[in-house]
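Down below is the structure, laid out as structure tokens.
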Amino acid sequence: MPTTIDKYAYYQNSVQSPDVDSQFLQRVYTSLRGKEPVTLREDFCAAFALCCEWAKLGSDKKAIGVDLDEEPLEYGKKNYLSQLTPAQQKRVTVLPQNVLSPDMPHADIIAALNFSFMGFKTRPLLKKYFENAYKTLNADGLLIIDCFGGPASMEPNESESEYDDFSYFWDQDTFDPITNEGMFYIHYQPKGKKKIEKVFTYDWRLWGIPELKDLMDEVGFKNVHFYWEGTDEDGEGDGNYTKTNKGENCDSWVAYVVGEK
């Protein structure tokens with residue numbers, strides 16, 4: 001009998017840190033705007049764990065999760081939303097909707113994290129998304145996205161990270177330097193069991209930071225900021241992001257790009 005796993009639980013334990021992310025989003029907004037944000041819209045939200053953590057930050061915090069795939073939305077309702085207090089639950093809204101829809105709800109912060117926007121492979125399509133985000137941000141709103149790059153992201157390779165009861169594999173399977181498109185997979189191996197291939201599949205275009213900034217400038221964002229990840233004593237990413245105008249030319253990097261309305 002094939003091994004089955006709770007793929008969304010594995011994903012949150014190996015990829016996401018929604019509690020840390022929610023605090024980071026709040027910190028960035030407060031530092032740039034000098035006031036507290038209230039409403040977060042999480043585009044491509046999947047199981048919307050980030051929305052649930054946002055609601056925990058304060059009694060005024062409201063979150064909206066948007067995703068076309070109803071499977072992770074249902075998972076989030078059963079496993080994350082249900083863990084909130086009744087008052088917190090009322091401040092989280094989930095929409096099975098296209099992020100390109102013109103009637104998207106407004107927010108102080110629109111976050112498209114986990115590189116999700118890279119599914120938009122053409123410049124016109126990504127520009128359309130940025131235009132829609134700009135229009136549906138509140139005054140003083142921020143669009144916050146994350147991206148990755150470096151030479152190691154442009155060649156086939158697979159890395160393994162071990163956790164208490166499973167191993168996580170990030171597989172960069174292909175990369176086309178003409179289109180900057182690649183296939184990426186997440187595999188998992190429960191302790192003592194067979195590796196489960198392609199639990200998650202990503203067909204992406206890698207967008208460079210200058211390309212993202214140019215598009216944000218074009219659609220009207222008045223300032224674009226960059227937050228670069230620091231390194232630990234072993235030279236690995238430490239999960240701490242600092243505002244900067246100069247990146248480090250390393251084999252692999254992760255950064256946030258923030259557009260100010």
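In the structure tokens, chains take letters A, B, ... by order of appearance, with residues numbered from 1 within each chain and ligands from 1 in the order shown.
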*Report as an MDAnalysis selection string: the residues of stretch 103-242 of chain A with a DSSP assignment of strand (DSSP E or B), based on the backbone of this structure.*
chainID A and resid 107:112 137:149 157:162 166:176 181:190 196:205 223:231 237:242
Which of stretch 44-257 of chain A counts as helix (DSSP H, G or I) under DSSP, as a CSV table (one decimal) with C-alpha atoms, in the first residue's frame please?
```
chain,number,residue,atom,x,y,z
A,49,ALA,CA,-2.2,29.8,7.4
A,50,LEU,CA,-0.7,33.3,7.1
A,51,CYS,CA,-4.2,34.9,7.3
A,52,CYS,CA,-4.9,33.0,10.5
A,53,GLU,CA,-1.7,34.1,12.1
A,54,TRP,CA,-2.5,37.7,11.0
A,55,ALA,CA,-5.8,37.6,12.9
A,70,GLU,CA,-10.6,24.9,-3.3
A,71,GLU,CA,-8.8,21.8,-1.9
A,72,PRO,CA,-6.2,23.8,0.2
A,73,LEU,CA,-8.9,26.3,1.1
A,74,GLU,CA,-11.0,23.5,2.6
A,75,TYR,CA,-7.9,22.2,4.4
A,76,GLY,CA,-7.2,25.6,5.9
A,77,LYS,CA,-10.8,25.9,7.2
A,78,LYS,CA,-10.6,22.5,8.9
A,79,ASN,CA,-7.1,22.7,10.3
A,81,LEU,CA,-9.3,28.5,10.9
A,82,SER,CA,-10.9,26.1,13.3
A,83,GLN,CA,-8.1,26.7,15.8
A,86,PRO,CA,-14.7,32.8,17.4
A,87,ALA,CA,-13.7,36.5,17.3
A,88,GLN,CA,-10.6,35.8,15.3
A,89,GLN,CA,-12.5,33.5,12.9
A,116,SER,CA,3.5,32.1,-6.1
A,117,PHE,CA,3.3,34.9,-8.7
A,118,MET,CA,6.0,33.2,-10.7
A,119,GLY,CA,3.2,31.2,-12.3
A,123,ARG,CA,5.3,40.2,-18.8
A,124,PRO,CA,1.8,41.4,-19.8
A,125,LEU,CA,0.2,38.9,-17.5
A,126,LEU,CA,2.4,39.8,-14.5
A,127,LYS,CA,1.9,43.5,-15.3
A,128,LYS,CA,-1.9,42.8,-15.2
A,129,TYR,CA,-1.5,41.3,-11.7
A,130,PHE,CA,0.6,44.2,-10.4
A,131,GLU,CA,-1.9,46.7,-11.9
A,132,ASN,CA,-4.8,44.9,-10.2
A,133,ALA,CA,-2.9,44.8,-6.9
A,134,TYR,CA,-2.1,48.5,-7.2
A,135,LYS,CA,-5.8,49.4,-7.8
A,136,THR,CA,-7.0,47.3,-4.9
A,151,PRO,CA,23.4,30.5,-10.2
A,152,ALA,CA,22.2,27.5,-8.2
A,153,SER,CA,18.6,28.2,-9.1
A,154,MET,CA,19.5,28.0,-12.8
A,209,ILE,CA,14.5,41.8,-9.2
A,210,PRO,CA,15.2,44.5,-11.8
A,211,GLU,CA,12.3,43.2,-13.9
A,212,LEU,CA,10.0,43.2,-10.9
A,213,LYS,CA,11.0,46.8,-10.0
A,214,ASP,CA,10.5,48.0,-13.6
A,215,LEU,CA,7.0,46.5,-13.7
A,216,MET,CA,6.1,48.0,-10.3
A,217,ASP,CA,7.3,51.4,-11.5
A,218,GLU,CA,5.3,51.1,-14.7
A,219,VAL,CA,2.0,50.4,-12.9
```
_Under the rule that only C-alpha atoms are counted, which of A:Phe184, A:Trp170, A:Trp253, A:Phe24 is the nearest residue to A:Gly150?_
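So, comparing all the options, the nearest one is A:Trp253.
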*Which residue of A:Lys243, A:Lys121, A:Thr179, A:Glu36 approaches A:Asp203 most closely, using only C-alpha atoms*: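 Using only C-alpha atoms, the shortest distance to A:Asp203 belongs to A:Lys121.
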*All residues 8 Å or closer to stretch 155-168 of chain A, only C-alpha atoms, same chain fewer than 3 positions away omitted, as an MDAnalysis selection string*: chainID A and resid 14 151:152 171:175 186:191
Keeping only N, CA and C atoms, take the residues you just selected and write them out as a short mmCIF file (atom, residue, chain, number, x, y, z; two decimals), in the first residue's frame.
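This is the output file result.cif:
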```
data_model
loop_
_atom_site.label_atom_id
_atom_site.label_comp_id
_atom_site.auth_asym_id
_atom_site.auth_seq_id
_atom_site.Cartn_x
_atom_site.Cartn_y
_atom_site.Cartn_z
N SER A 14 7.86 22.48 6.80
CA SER A 14 9.16 22.52 6.11
C SER A 14 9.39 23.79 5.31
N PRO A 151 22.97 31.56 -9.25
CA PRO A 151 23.38 30.50 -10.18
C PRO A 151 22.82 29.12 -9.83
N ALA A 152 22.69 28.82 -8.55
CA ALA A 152 22.22 27.49 -8.15
C ALA A 152 20.76 27.25 -8.53
N ASP A 171 13.65 20.13 -5.34
CA ASP A 171 14.20 19.60 -6.58
C ASP A 171 14.04 20.63 -7.70
N GLN A 172 15.16 21.19 -8.15
CA GLN A 172 15.16 22.07 -9.31
C GLN A 172 15.49 21.20 -10.51
N ASP A 173 14.47 20.81 -11.23
CA ASP A 173 14.61 19.75 -12.22
C ASP A 173 15.11 20.26 -13.57
N THR A 174 14.56 21.38 -14.05
CA THR A 174 14.95 21.90 -15.35
C THR A 174 15.03 23.43 -15.28
N PHE A 175 15.78 24.00 -16.22
CA PHE A 175 15.82 25.45 -16.36
C PHE A 175 16.19 25.79 -17.80
N ILE A 186 8.66 19.47 -4.95
CA ILE A 186 8.91 19.15 -3.55
C ILE A 186 8.60 17.67 -3.35
N HIS A 187 9.58 16.94 -2.82
CA HIS A 187 9.40 15.54 -2.44
C HIS A 187 9.49 15.42 -0.92
N TYR A 188 8.85 14.41 -0.37
CA TYR A 188 8.94 14.14 1.07
C TYR A 188 9.25 12.66 1.30
N GLN A 189 9.98 12.40 2.36
CA GLN A 189 10.25 11.03 2.76
C GLN A 189 10.00 10.89 4.27
N PRO A 190 8.88 10.28 4.66
CA PRO A 190 8.66 10.02 6.08
C PRO A 190 9.75 9.12 6.62
N LYS A 191 10.12 9.31 7.88
CA LYS A 191 11.18 8.51 8.50
C LYS A 191 10.89 7.02 8.35
#
```
*Using only C-alpha atoms, which of the listed residues (A:Gly182, A:Gly141, A:Gly259, A:Gly230) sits closest to A:Arg205?*
A:Gly182
